[in-house]
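Report on the structure given below.
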Amino acid sequence: MDKHKFKKDIYPRLLAYGKRVKKQLALGFLLLFILTGLQILMPMIVGHIIDQKLGQDQLIDFKSIGLLLLGYFVVGLIQSVFRYLSNISFMNTANLVAIEIRTDLFAHIQRLPQKYFDNISAGKVVSRITNDTNALKVLFQTLLGQIVTSAAYIIAIILVLVIKHPWALLFVLVPMPIIYFLIKFYNKYSSRYNHDYRRSLSQINSDINENIKGMEVIKTSNTEEGVLKAFQEVNEKNFQTGIKMEWLDSFVSFNATHTLDNINVLIILLVFGLMNLKGQSGFSVGLMYILLDYTQRIYAATHRIIERLSQIERSLAAADHIFEIFDMEAEEDKAHKNIKLKGHVEFKDVSFYYKDQDYVLKNISFKALSGQTLALVGRTGSGKSSIINLLFRFYKEQKGQVLFDGIDANEYSLADLRSNMAIVLQEPFIYKASLRENISLGRDYTDQEIIQALEAVGGKNLFDNLGRNLDVVFSEDGAGISQGEKQIITFARAIIRDPKILVLDEATSSIDSETESFIQIGLEKLKEGRTTFVIAHRLSTIKDADQILVLSYGDIVERGTHDQLVDQKGIYYDMLMKESK
């Protein structure tokens, strides 16, 4: 994206978040204006003391000087209080904005279609929600708390000089073109470096996340060195980009502004000396002090602005990442009507592809009536999971129709459809939370309802072993309980929602035969009275299915009951024979 267009797009959107905290902003700016006035006043007090009270041709008025010094001290004390309050105000505003953005971002991510999550690592998503929103917090804190303060101070000094000593304004204005070109030079390279830095940092987060999740694979395949080498390359890229940024910051923000400041002090002293040698009285000692103080403050403010520009560029790069997600189209949804389905499902000539018209389902047609069990059988890549993706509306078919109770799926809201469905996955996922939270998933169920759901699917022994305590907190991924016990919890999670359509995605394939027989009671209870789709790993588990679809490369090549397919002695029969050996 073009840099100028990028900024034009970003700033209004950030301003919209600023409007959400306009009361806090108004307070912060009020404190800022008071602080700026106090900072302007202090050098003027000292200049007045020098010129009016310490002149060589008059008696020194110690009483007046004492009062002025007391005033100087009081103004400095009040200034410190307002600086503290101003900083706190802008920090509070920045935190509020960060919370607003993070909440909106997380809510939007939840509404994104499943294909987004299929094409991005979890680490990158986490980086957007945490690191990038923190960077935006720095933007509001830095921009409002320091850059606006510094800019306001520079403008205030210029206005004071225009009113009181217009000719002295030259000492402030002459260096401005140099400062302008310094900032232009800085922005030219800083923007590029910061975008590269954010991208490499996001990649590091992603790699760490994926490697930790896949540590077992790394260890068992003995590939630690290769993984480490790949990580070192990304880390080195991030390091080199950081070095370039530090070099740019050091050269422009400190050395350049510090050198200009020293030159300016020298010029003021030379002009003061020449004018006094010629007997011109327009340049007093007090005015020299005020100019030296003001110009040094201006360069200090300029230094702070340039120093913070890198943070702003990093934050804008983070904003680019965040608003890139906001710009992604969310799942279309209609008004939620709390519709209760009967459970009739029909696929009518459905064809579907993920990309490039490479169809993974081809003219698929079948019906599953309410209360029936339909099993999907086939090798990897045959289309089983794609049917489930369409069922849950994670994706939409390119041709044909998916019907629920005879009505096109696109006529329903996603909330209505998904509230009538539940899925039990092959690998049970247990949250690092209590037993109650793992079953209710944030919904408002009573303890009795949770216990009934757990015991209904064969979880009585598990509940007894946990001391019949719903507040037992599991460690990450349910470490400490068996695969069968984890699956029992996911069964309870499904049955408590009382879904009319249930999907069992190879729900028993990750557990042994003995454990499978133990949870079979839970499975049968779970299927009772529901339209059930079973992705079968073991054909022995689907003998009682009302209908079995055998899929191959996106086509239904066989269909019927277990006995019918065995009698055909086709693909299903061959698979069954191989399994029994």
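The chains in the structure tokens are called A, B, ... from first to last as shown; in each chain the residues are counted from 1, and the ligands are counted from 1 in the order shown.
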Tell me, as JSON, numbers by chain, which residues lie within 10 Å of Arg559 (chain A), counting only C-alpha atoms; anything in the same chain fewer than 2 positions away does not count. {"A": [366, 375, 376, 377, 547, 548, 549, 550, 551, 556, 557, 561, 562, 564, 565, 572]}
With C-alpha atoms kept, could you save the residues just selected as a compact mmCIF listing (two decimals), in the first residue's frame?
```
# COMPACT_ATOMS: atom_id res chain seq x y z
CA PHE A 366 -28.36 -37.16 -0.01
CA ALA A 375 -22.15 -42.15 8.29
CA LEU A 376 -19.48 -40.73 5.98
CA VAL A 377 -16.75 -43.14 4.93
CA GLN A 547 -27.36 -44.73 5.84
CA ILE A 548 -23.68 -44.97 4.92
CA LEU A 549 -22.13 -42.82 2.19
CA VAL A 550 -18.83 -44.01 0.72
CA LEU A 551 -16.91 -41.07 -0.73
CA ILE A 556 -20.50 -40.64 -3.57
CA VAL A 557 -19.48 -43.99 -5.03
CA THR A 561 -26.92 -49.67 5.06
CA HIS A 562 -24.06 -51.74 6.42
CA GLN A 564 -26.47 -53.64 1.82
CA LEU A 565 -22.91 -52.42 1.26
CA TYR A 572 -16.92 -50.53 1.60
```
DSSP helix (DSSP H, G or I) selection over region 399-527 of chain A, as a PyMOL selection string: chain A and resi 409-411+414-419+435-440+447-456+460-465+476-478+483-495+513-527
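Residue neighbourhood of region 228-235 of chain A, excluding near-sequence residues (fewer than 4 positions): Ser200, Gln203, Ile204, Asp207, Glu224 and Phe239 of chain A, at 8 Å, using only C-alpha atoms.
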For Phe33 (chain A), list every protein, DNA or RNA residue within 12 Å, evaluated using only C-alpha atoms, and leave out those in the same chain fewer than 5 positions away; present the list as a ChimeraX atom specification. /A:26-28,38-40,79,82-83,86,148-153,155-156
If you run DSSP on the backbone here, which positions in region 331-496 of chain A get strand (DSSP E or B)? Please write them as a JSON list (two decimals) with all heavy atoms, in the first residue's frame.
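Saved file result-v4.json follows:
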```json
[["chain", "number", "residue", "atom", "x", "y", "z"],
["A", 345, "VAL", "N", -32.04, -32.82, 6.99],
["A", 345, "VAL", "CA", -30.92, -32.22, 6.25],
["A", 345, "VAL", "C", -30.88, -32.83, 4.86],
["A", 345, "VAL", "O", -31.01, -34.06, 4.69],
["A", 345, "VAL", "CB", -29.57, -32.45, 6.96],
["A", 345, "VAL", "CG1", -28.42, -31.85, 6.14],
["A", 345, "VAL", "CG2", -29.59, -31.86, 8.36],
["A", 346, "GLU", "N", -30.70, -31.97, 3.85],
["A", 346, "GLU", "CA", -30.59, -32.48, 2.48],
["A", 346, "GLU", "C", -29.50, -31.71, 1.73],
["A", 346, "GLU", "O", -29.44, -30.48, 1.79],
["A", 346, "GLU", "CB", -31.92, -32.32, 1.73],
["A", 346, "GLU", "CG", -31.86, -32.84, 0.30],
["A", 346, "GLU", "CD", -33.17, -32.71, -0.44],
["A", 346, "GLU", "OE1", -34.15, -32.20, 0.16],
["A", 346, "GLU", "OE2", -33.22, -33.13, -1.61],
["A", 347, "PHE", "N", -28.65, -32.44, 1.05],
["A", 347, "PHE", "CA", -27.69, -31.88, 0.10],
["A", 347, "PHE", "C", -28.24, -32.17, -1.30],
["A", 347, "PHE", "O", -28.48, -33.34, -1.64],
["A", 347, "PHE", "CB", -26.31, -32.51, 0.26],
["A", 347, "PHE", "CG", -25.46, -31.88, 1.33],
["A", 347, "PHE", "CD1", -25.95, -31.66, 2.61],
["A", 347, "PHE", "CD2", -24.15, -31.49, 1.05],
["A", 347, "PHE", "CE1", -25.16, -31.08, 3.59],
["A", 347, "PHE", "CE2", -23.35, -30.91, 2.02],
["A", 347, "PHE", "CZ", -23.86, -30.70, 3.30],
["A", 348, "LYS", "N", -28.46, -31.13, -2.09],
["A", 348, "LYS", "CA", -29.07, -31.31, -3.40],
["A", 348, "LYS", "C", -28.09, -30.84, -4.49],
["A", 348, "LYS", "O", -27.87, -29.63, -4.66],
["A", 348, "LYS", "CB", -30.38, -30.51, -3.48],
["A", 348, "LYS", "CG", -31.15, -30.73, -4.78],
["A", 348, "LYS", "CD", -32.41, -29.86, -4.82],
["A", 348, "LYS", "CE", -33.44, -30.34, -3.80],
["A", 348, "LYS", "NZ", -34.71, -29.57, -3.94],
["A", 349, "ASP", "N", -27.47, -31.79, -5.17],
["A", 349, "ASP", "CA", -26.52, -31.50, -6.27],
["A", 349, "ASP", "C", -25.46, -30.48, -5.85],
["A", 349, "ASP", "O", -25.20, -29.50, -6.57],
["A", 349, "ASP", "CB", -27.27, -30.99, -7.50],
["A", 349, "ASP", "CG", -28.20, -32.05, -8.09],
["A", 349, "ASP", "OD1", -27.80, -33.22, -8.09],
["A", 349, "ASP", "OD2", -29.31, -31.68, -8.50],
["A", 350, "VAL", "N", -24.85, -30.70, -4.71],
["A", 350, "VAL", "CA", -23.88, -29.74, -4.14],
["A", 350, "VAL", "C", -22.49, -29.98, -4.72],
["A", 350, "VAL", "O", -21.98, -31.11, -4.70],
["A", 350, "VAL", "CB", -23.85, -29.84, -2.61],
["A", 350, "VAL", "CG1", -22.68, -29.01, -2.05],
["A", 350, "VAL", "CG2", -25.16, -29.34, -2.02],
["A", 351, "SER", "N", -21.89, -28.91, -5.24],
["A", 351, "SER", "CA", -20.49, -28.94, -5.66],
["A", 351, "SER", "C", -19.76, -27.82, -4.93],
["A", 351, "SER", "O", -20.31, -26.73, -4.73],
["A", 351, "SER", "CB", -20.36, -28.74, -7.18],
["A", 351, "SER", "OG", -20.95, -29.82, -7.88],
["A", 352, "PHE", "N", -18.51, -28.10, -4.58],
["A", 352, "PHE", "CA", -17.79, -27.13, -3.74],
["A", 352, "PHE", "C", -16.29, -27.24, -3.98],
["A", 352, "PHE", "O", -15.76, -28.33, -4.15],
["A", 352, "PHE", "CB", -18.11, -27.40, -2.27],
["A", 352, "PHE", "CG", -17.23, -26.66, -1.30],
["A", 352, "PHE", "CD1", -17.34, -25.29, -1.14],
["A", 352, "PHE", "CD2", -16.27, -27.35, -0.55],
["A", 352, "PHE", "CE1", -16.51, -24.61, -0.26],
["A", 352, "PHE", "CE2", -15.46, -26.68, 0.33],
["A", 352, "PHE", "CZ", -15.57, -25.30, 0.48],
["A", 353, "TYR", "N", -15.63, -26.08, -3.98],
["A", 353, "TYR", "CA", -14.16, -26.05, -4.02],
["A", 353, "TYR", "C", -13.66, -24.98, -3.06],
["A", 353, "TYR", "O", -14.37, -24.02, -2.76],
["A", 353, "TYR", "CB", -13.64, -25.78, -5.44],
["A", 353, "TYR", "CG", -14.09, -24.47, -6.05],
["A", 353, "TYR", "CD1", -13.45, -23.26, -5.74],
["A", 353, "TYR", "CD2", -15.14, -24.44, -6.96],
["A", 353, "TYR", "CE1", -13.86, -22.07, -6.31],
["A", 353, "TYR", "CE2", -15.56, -23.24, -7.53],
["A", 353, "TYR", "CZ", -14.92, -22.06, -7.20],
["A", 353, "TYR", "OH", -15.33, -20.87, -7.75],
["A", 359, "TYR", "N", -12.62, -28.74, -7.56],
["A", 359, "TYR", "CA", -13.77, -29.23, -6.79],
["A", 359, "TYR", "C", -13.39, -30.40, -5.89],
["A", 359, "TYR", "O", -12.81, -31.39, -6.34],
["A", 359, "TYR", "CB", -14.91, -29.64, -7.72],
["A", 359, "TYR", "CG", -15.66, -28.47, -8.29],
["A", 359, "TYR", "CD1", -15.32, -27.91, -9.53],
["A", 359, "TYR", "CD2", -16.71, -27.88, -7.57],
["A", 359, "TYR", "CE1", -16.01, -26.82, -10.05],
["A", 359, "TYR", "CE2", -17.40, -26.78, -8.08],
["A", 359, "TYR", "CZ", -17.05, -26.26, -9.31],
["A", 359, "TYR", "OH", -17.72, -25.18, -9.81],
["A", 360, "VAL", "N", -13.77, -30.28, -4.62],
["A", 360, "VAL", "CA", -13.56, -31.36, -3.67],
["A", 360, "VAL", "C", -14.86, -32.11, -3.39],
["A", 360, "VAL", "O", -14.84, -33.19, -2.81],
["A", 360, "VAL", "CB", -12.96, -30.82, -2.35],
["A", 360, "VAL", "CG1", -11.57, -30.27, -2.58],
["A", 360, "VAL", "CG2", -13.85, -29.75, -1.73],
["A", 361, "LEU", "N", -15.98, -31.52, -3.80],
["A", 361, "LEU", "CA", -17.28, -32.20, -3.78],
["A", 361, "LEU", "C", -17.93, -31.99, -5.14],
["A", 361, "LEU", "O", -17.94, -30.86, -5.66],
["A", 361, "LEU", "CB", -18.19, -31.63, -2.68],
["A", 361, "LEU", "CG", -17.77, -31.83, -1.22],
["A", 361, "LEU", "CD1", -18.75, -31.14, -0.29],
["A", 361, "LEU", "CD2", -17.66, -33.31, -0.87],
["A", 362, "LYS", "N", -18.50, -33.07, -5.68],
["A", 362, "LYS", "CA", -19.03, -32.99, -7.05],
["A", 362, "LYS", "C", -20.45, -33.56, -7.09],
["A", 362, "LYS", "O", -20.64, -34.77, -6.94],
["A", 362, "LYS", "CB", -18.13, -33.78, -8.01],
["A", 362, "LYS", "CG", -16.66, -33.36, -7.96],
["A", 362, "LYS", "CD", -15.76, -34.40, -8.60],
["A", 362, "LYS", "CE", -14.30, -34.10, -8.35],
["A", 362, "LYS", "NZ", -13.41, -35.19, -8.82],
["A", 363, "ASN", "N", -21.41, -32.66, -7.23],
["A", 363, "ASN", "CA", -22.82, -33.06, -7.39],
["A", 363, "ASN", "C", -23.27, -34.04, -6.30],
["A", 363, "ASN", "O", -23.85, -35.09, -6.59],
["A", 363, "ASN", "CB", -23.06, -33.67, -8.77],
["A", 363, "ASN", "CG", -22.72, -32.70, -9.89],
["A", 363, "ASN", "OD1", -23.12, -31.54, -9.85],
["A", 363, "ASN", "ND2", -21.97, -33.17, -10.89],
["A", 364, "ILE", "N", -22.99, -33.66, -5.05],
["A", 364, "ILE", "CA", -23.34, -34.51, -3.92],
["A", 364, "ILE", "C", -24.82, -34.34, -3.58],
["A", 364, "ILE", "O", -25.31, -33.21, -3.41],
["A", 364, "ILE", "CB", -22.49, -34.14, -2.69],
["A", 364, "ILE", "CG1", -21.02, -34.43, -2.96],
["A", 364, "ILE", "CG2", -22.97, -34.90, -1.45],
["A", 364, "ILE", "CD1", -20.67, -35.87, -3.12],
["A", 365, "SER", "N", -25.54, -35.46, -3.47],
["A", 365, "SER", "CA", -26.96, -35.43, -3.09],
["A", 365, "SER", "C", -27.23, -36.54, -2.07],
["A", 365, "SER", "O", -26.83, -37.69, -2.28],
["A", 365, "SER", "CB", -27.86, -35.63, -4.32],
["A", 365, "SER", "OG", -27.76, -34.54, -5.22],
["A", 366, "PHE", "N", -27.90, -36.17, -1.00],
["A", 366, "PHE", "CA", -28.36, -37.16, -0.01],
["A", 366, "PHE", "C", -29.36, -36.49, 0.93],
["A", 366, "PHE", "O", -29.46, -35.26, 0.98],
["A", 366, "PHE", "CB", -27.18, -37.73, 0.80],
["A", 366, "PHE", "CG", -26.44, -36.73, 1.65],
["A", 366, "PHE", "CD1", -26.93, -36.36, 2.90],
["A", 366, "PHE", "CD2", -25.26, -36.16, 1.20],
["A", 366, "PHE", "CE1", -26.24, -35.45, 3.69],
["A", 366, "PHE", "CE2", -24.57, -35.25, 1.98],
["A", 366, "PHE", "CZ", -25.07, -34.89, 3.23],
["A", 367, "LYS", "N", -30.12, -37.33, 1.66],
["A", 367, "LYS", "CA", -31.06, -36.83, 2.66],
["A", 367, "LYS", "C", -30.79, -37.54, 3.98],
["A", 367, "LYS", "O", -30.49, -38.73, 4.00],
["A", 367, "LYS", "CB", -32.50, -37.10, 2.24],
["A", 367, "LYS", "CG", -32.99, -36.25, 1.07],
["A", 367, "LYS", "CD", -34.45, -36.56, 0.77],
["A", 367, "LYS", "CE", -34.97, -35.74, -0.41],
["A", 367, "LYS", "NZ", -36.39, -36.05, -0.71],
["A", 368, "ALA", "N", -30.89, -36.76, 5.06],
["A", 368, "ALA", "CA", -30.82, -37.35, 6.40],
["A", 368, "ALA", "C", -32.05, -36.86, 7.15],
["A", 368, "ALA", "O", -32.21, -35.65, 7.38],
["A", 368, "ALA", "CB", -29.55, -36.91, 7.12],
["A", 373, "THR", "N", -29.15, -41.64, 11.63],
["A", 373, "THR", "CA", -27.69, -41.56, 11.69],
["A", 373, "THR", "C", -27.15, -41.81, 10.29],
["A", 373, "THR", "O", -27.44, -42.85, 9.68],
["A", 373, "THR", "CB", -27.11, -42.59, 12.67],
["A", 373, "THR", "OG1", -27.55, -42.29, 13.98],
["A", 373, "THR", "CG2", -25.58, -42.56, 12.63],
["A", 374, "LEU", "N", -26.37, -40.85, 9.81],
["A", 374, "LEU", "CA", -25.76, -40.95, 8.49],
["A", 374, "LEU", "C", -24.25, -40.98, 8.67],
["A", 374, "LEU", "O", -23.68, -40.09, 9.30],
["A", 374, "LEU", "CB", -26.18, -39.78, 7.61],
["A", 374, "LEU", "CG", -25.70, -39.80, 6.15],
["A", 374, "LEU", "CD1", -26.75, -39.17, 5.25],
["A", 374, "LEU", "CD2", -24.39, -39.05, 5.99],
["A", 375, "ALA", "N", -23.60, -42.00, 8.15],
["A", 375, "ALA", "CA", -22.15, -42.15, 8.29],
["A", 375, "ALA", "C", -21.44, -41.79, 6.99],
["A", 375, "ALA", "O", -21.92, -42.11, 5.89],
["A", 375, "ALA", "CB", -21.80, -43.58, 8.69],
["A", 376, "LEU", "N", -20.32, -41.11, 7.12],
["A", 376, "LEU", "CA", -19.48, -40.73, 5.98],
["A", 376, "LEU", "C", -18.19, -41.52, 6.04],
["A", 376, "LEU", "O", -17.47, -41.47, 7.05],
["A", 376, "LEU", "CB", -19.19, -39.22, 6.02],
["A", 376, "LEU", "CG", -20.41, -38.29, 6.04],
["A", 376, "LEU", "CD1", -19.96, -36.84, 6.23],
["A", 376, "LEU", "CD2", -21.22, -38.44, 4.76],
["A", 377, "VAL", "N", -17.90, -42.25, 4.97],
["A", 377, "VAL", "CA", -16.75, -43.14, 4.93],
["A", 377, "VAL", "C", -15.91, -42.79, 3.70],
["A", 377, "VAL", "O", -16.45, -42.48, 2.64],
["A", 377, "VAL", "CB", -17.19, -44.61, 4.85],
["A", 377, "VAL", "CG1", -15.98, -45.53, 4.70],
["A", 377, "VAL", "CG2", -17.99, -44.99, 6.09],
["A", 399, "LYS", "N", -22.23, -24.57, -6.07],
["A", 399, "LYS", "CA", -23.37, -25.05, -6.86],
["A", 399, "LYS", "C", -24.26, -25.89, -5.96],
["A", 399, "LYS", "O", -23.81, -26.52, -5.01],
["A", 399, "LYS", "CB", -22.89, -25.91, -8.04],
["A", 399, "LYS", "CG", -22.04, -25.17, -9.06],
["A", 399, "LYS", "CD", -21.60, -26.12, -10.17],
["A", 399, "LYS", "CE", -20.68, -25.41, -11.17],
["A", 399, "LYS", "NZ", -20.20, -26.35, -12.23],
["A", 400, "GLY", "N", -25.57, -25.92, -6.30],
["A", 400, "GLY", "CA", -26.50, -26.75, -5.55],
["A", 400, "GLY", "C", -27.02, -26.06, -4.31],
["A", 400, "GLY", "O", -26.86, -24.85, -4.12],
["A", 401, "GLN", "N", -27.66, -26.85, -3.44],
["A", 401, "GLN", "CA", -28.28, -26.32, -2.23],
["A", 401, "GLN", "C", -28.04, -27.25, -1.05],
["A", 401, "GLN", "O", -28.00, -28.47, -1.19],
["A", 401, "GLN", "CB", -29.79, -26.19, -2.41],
["A", 401, "GLN", "CG", -30.26, -25.02, -3.25],
["A", 401, "GLN", "CD", -31.78, -24.97, -3.31],
["A", 401, "GLN", "OE1", -32.41, -25.92, -3.81],
["A", 401, "GLN", "NE2", -32.36, -23.91, -2.79],
["A", 402, "VAL", "N", -27.89, -26.62, 0.14],
["A", 402, "VAL", "CA", -27.93, -27.35, 1.41],
["A", 402, "VAL", "C", -29.21, -26.92, 2.08],
["A", 402, "VAL", "O", -29.44, -25.71, 2.29],
["A", 402, "VAL", "CB", -26.71, -27.04, 2.29],
["A", 402, "VAL", "CG1", -26.84, -27.76, 3.62],
["A", 402, "VAL", "CG2", -25.42, -27.44, 1.59],
["A", 403, "LEU", "N", -30.08, -27.87, 2.40],
["A", 403, "LEU", "CA", -31.40, -27.56, 2.95],
["A", 403, "LEU", "C", -31.53, -28.07, 4.38],
["A", 403, "LEU", "O", -31.10, -29.19, 4.70],
["A", 403, "LEU", "CB", -32.49, -28.20, 2.09],
["A", 403, "LEU", "CG", -32.47, -27.87, 0.58],
["A", 403, "LEU", "CD1", -33.47, -28.75, -0.16],
["A", 403, "LEU", "CD2", -32.77, -26.41, 0.36],
["A", 404, "PHE", "N", -32.13, -27.25, 5.22],
["A", 404, "PHE", "CA", -32.48, -27.65, 6.58],
["A", 404, "PHE", "C", -34.00, -27.55, 6.71],
["A", 404, "PHE", "O", -34.57, -26.47, 6.51],
["A", 404, "PHE", "CB", -31.81, -26.75, 7.61],
["A", 404, "PHE", "CG", -30.31, -26.90, 7.69],
["A", 404, "PHE", "CD1", -29.48, -26.15, 6.89],
["A", 404, "PHE", "CD2", -29.75, -27.83, 8.57],
["A", 404, "PHE", "CE1", -28.10, -26.30, 6.96],
["A", 404, "PHE", "CE2", -28.37, -27.98, 8.65],
["A", 404, "PHE", "CZ", -27.55, -27.21, 7.84],
["A", 407, "ILE", "N", -35.65, -25.89, 3.79],
["A", 407, "ILE", "CA", -35.37, -24.47, 3.50],
["A", 407, "ILE", "C", -33.88, -24.30, 3.24],
["A", 407, "ILE", "O", -33.04, -24.87, 3.95],
["A", 407, "ILE", "CB", -35.82, -23.58, 4.68],
["A", 407, "ILE", "CG1", -37.32, -23.75, 4.92],
["A", 407, "ILE", "CG2", -35.49, -22.12, 4.41],
["A", 407, "ILE", "CD1", -37.82, -23.05, 6.17],
["A", 408, "ASP", "N", -33.55, -23.52, 2.22],
["A", 408, "ASP", "CA", -32.15, -23.26, 1.87],
["A", 408, "ASP", "C", -31.39, -22.72, 3.08],
["A", 408, "ASP", "O", -31.87, -21.82, 3.79],
["A", 408, "ASP", "CB", -32.08, -22.25, 0.72],
["A", 408, "ASP", "CG", -30.68, -22.16, 0.12],
["A", 408, "ASP", "OD1", -29.74, -21.79, 0.86],
["A", 408, "ASP", "OD2", -30.53, -22.44, -1.08],
["A", 421, "MET", "N", -27.01, -27.16, 16.31],
["A", 421, "MET", "CA", -26.01, -28.17, 15.97],
["A", 421, "MET", "C", -24.92, -28.25, 17.03],
["A", 421, "MET", "O", -24.66, -27.28, 17.75],
["A", 421, "MET", "CB", -25.38, -27.85, 14.60],
["A", 421, "MET", "CG", -26.34, -27.97, 13.45],
["A", 421, "MET", "SD", -25.50, -27.84, 11.83],
["A", 421, "MET", "CE", -25.27, -26.09, 11.72],
["A", 422, "ALA", "N", -24.28, -29.38, 17.09],
["A", 422, "ALA", "CA", -23.12, -29.56, 17.97],
["A", 422, "ALA", "C", -22.18, -30.54, 17.30],
["A", 422, "ALA", "O", -22.60, -31.37, 16.48],
["A", 422, "ALA", "CB", -23.54, -30.07, 19.34],
["A", 423, "ILE", "N", -20.91, -30.45, 17.65],
["A", 423, "ILE", "CA", -19.90, -31.33, 17.06],
["A", 423, "ILE", "C", -18.98, -31.86, 18.14],
["A", 423, "ILE", "O", -18.65, -31.15, 19.10],
["A", 423, "ILE", "CB", -19.09, -30.59, 15.97],
["A", 423, "ILE", "CG1", -18.16, -31.56, 15.23],
["A", 423, "ILE", "CG2", -18.32, -29.42, 16.55],
["A", 423, "ILE", "CD1", -17.53, -30.96, 13.98],
["A", 424, "VAL", "N", -18.62, -33.12, 18.01],
["A", 424, "VAL", "CA", -17.61, -33.73, 18.88],
["A", 424, "VAL", "C", -16.45, -34.11, 17.97],
["A", 424, "VAL", "O", -16.60, -34.92, 17.05],
["A", 424, "VAL", "CB", -18.15, -34.97, 19.60],
["A", 424, "VAL", "CG1", -17.04, -35.60, 20.45],
["A", 424, "VAL", "CG2", -19.33, -34.61, 20.48],
["A", 434, "SER", "N", -12.37, -24.51, 34.69],
["A", 434, "SER", "CA", -13.05, -25.47, 35.56],
["A", 434, "SER", "C", -13.88, -26.45, 34.74],
["A", 434, "SER", "O", -14.15, -26.23, 33.56],
["A", 434, "SER", "CB", -13.96, -24.72, 36.55],
["A", 434, "SER", "OG", -15.04, -24.13, 35.85],
["A", 473, "VAL", "N", -10.32, -27.24, 38.44],
["A", 473, "VAL", "CA", -9.72, -26.56, 37.29],
["A", 473, "VAL", "C", -8.71, -27.49, 36.63],
["A", 473, "VAL", "O", -7.82, -28.03, 37.29],
["A", 473, "VAL", "CB", -9.02, -25.25, 37.71],
["A", 473, "VAL", "CG1", -8.33, -24.60, 36.52],
["A", 473, "VAL", "CG2", -10.05, -24.29, 38.31]]
```
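The spacing separating CA of Ile439 (chain A) from CA of Phe474 (chain A) amounts to 12.2 Å.
CA of Asn87 (chain A) is positioned 20.1 Å from CA of Leu41 (chain A).
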What's around region 122-134 of chain A at 8 Å? Count only C-alpha atoms, leave out sequence neighbours fewer than 3 positions away in its own chain, and write the answer as a PyMOL selection string. chain A and resi 98+101-102+105-106+117+137-138+202-203+205-210+315+318-319+321-322
Would you export the selected residues with C-alpha atoms as an mmCIF file, in the first residue's frame, please?
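Result written to selection-v8.cif:
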```cif
data_model
loop_
_atom_site.group_PDB
_atom_site.id
_atom_site.type_symbol
_atom_site.label_atom_id
_atom_site.label_comp_id
_atom_site.auth_asym_id
_atom_site.auth_seq_id
_atom_site.Cartn_x
_atom_site.Cartn_y
_atom_site.Cartn_z
ATOM 1 C CA ALA A 98 -6.450 -0.056 23.491
ATOM 2 C CA ILE A 101 -9.699 -1.720 19.849
ATOM 3 C CA ARG A 102 -8.793 -5.101 21.356
ATOM 4 C CA LEU A 105 -10.849 -6.828 17.071
ATOM 5 C CA PHE A 106 -11.591 -9.983 19.041
ATOM 6 C CA PHE A 117 -8.392 -19.430 10.343
ATOM 7 C CA LYS A 137 -1.795 2.078 22.857
ATOM 8 C CA VAL A 138 1.734 3.462 22.615
ATOM 9 C CA SER A 202 4.754 -11.403 13.909
ATOM 10 C CA GLN A 203 6.562 -14.260 12.147
ATOM 11 C CA ASN A 205 5.467 -15.140 17.389
ATOM 12 C CA SER A 206 3.909 -17.466 14.841
ATOM 13 C CA ASP A 207 6.981 -19.742 14.697
ATOM 14 C CA ILE A 208 7.236 -19.948 18.477
ATOM 15 C CA ASN A 209 3.539 -20.783 18.789
ATOM 16 C CA GLU A 210 3.653 -23.485 16.117
ATOM 17 C CA SER A 315 2.226 1.804 15.850
ATOM 18 C CA ALA A 318 0.523 -2.308 13.829
ATOM 19 C CA ALA A 319 -2.600 -0.319 12.911
ATOM 20 C CA HIS A 321 -2.179 -5.097 10.534
ATOM 21 C CA ILE A 322 -5.215 -4.510 12.738
#
```
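Of the listed residues A:Ile268, A:Leu502, A:Leu287, A:Ala301, the one whose atoms come nearest to Gln372 (chain A) is A:Leu502, with distances taken using only C-alpha atoms.
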Region 389-475 of chain A residues near region 337-343 of chain A within 12 Å, closest pair each, using only C-alpha atoms, as JSON lines:
```
{"residue": "A:Leu391", "atom": "CA", "partner": "A:Gly343", "partner_atom": "CA", "distance": 11.9}
{"residue": "A:Leu403", "atom": "CA", "partner": "A:Gly343", "partner_atom": "CA", "distance": 10.3}
{"residue": "A:Phe404", "atom": "CA", "partner": "A:Gly343", "partner_atom": "CA", "distance": 7.0}
{"residue": "A:Asp405", "atom": "CA", "partner": "A:Lys342", "partner_atom": "CA", "distance": 6.5}
{"residue": "A:Gly406", "atom": "CA", "partner": "A:Gly343", "partner_atom": "CA", "distance": 10.0}
{"residue": "A:Ile407", "atom": "CA", "partner": "A:Leu341", "partner_atom": "CA", "distance": 10.5}
{"residue": "A:Ala409", "atom": "CA", "partner": "A:Leu341", "partner_atom": "CA", "distance": 11.6}
{"residue": "A:Glu411", "atom": "CA", "partner": "A:Lys337", "partner_atom": "CA", "distance": 11.6}
{"residue": "A:Tyr412", "atom": "CA", "partner": "A:Ile339", "partner_atom": "CA", "distance": 8.7}
{"residue": "A:Ser413", "atom": "CA", "partner": "A:Lys337", "partner_atom": "CA", "distance": 7.9}
{"residue": "A:Leu414", "atom": "CA", "partner": "A:Lys337", "partner_atom": "CA", "distance": 10.5}
{"residue": "A:Ala415", "atom": "CA", "partner": "A:Asn338", "partner_atom": "CA", "distance": 8.1}
{"residue": "A:Asp416", "atom": "CA", "partner": "A:Ile339", "partner_atom": "CA", "distance": 5.7}
{"residue": "A:Leu417", "atom": "CA", "partner": "A:Ile339", "partner_atom": "CA", "distance": 8.0}
{"residue": "A:Arg418", "atom": "CA", "partner": "A:Leu341", "partner_atom": "CA", "distance": 10.4}
{"residue": "A:Ser419", "atom": "CA", "partner": "A:Asn338", "partner_atom": "CA", "distance": 8.2}
{"residue": "A:Asn420", "atom": "CA", "partner": "A:Leu341", "partner_atom": "CA", "distance": 6.5}
{"residue": "A:Met421", "atom": "CA", "partner": "A:Gly343", "partner_atom": "CA", "distance": 9.2}
```
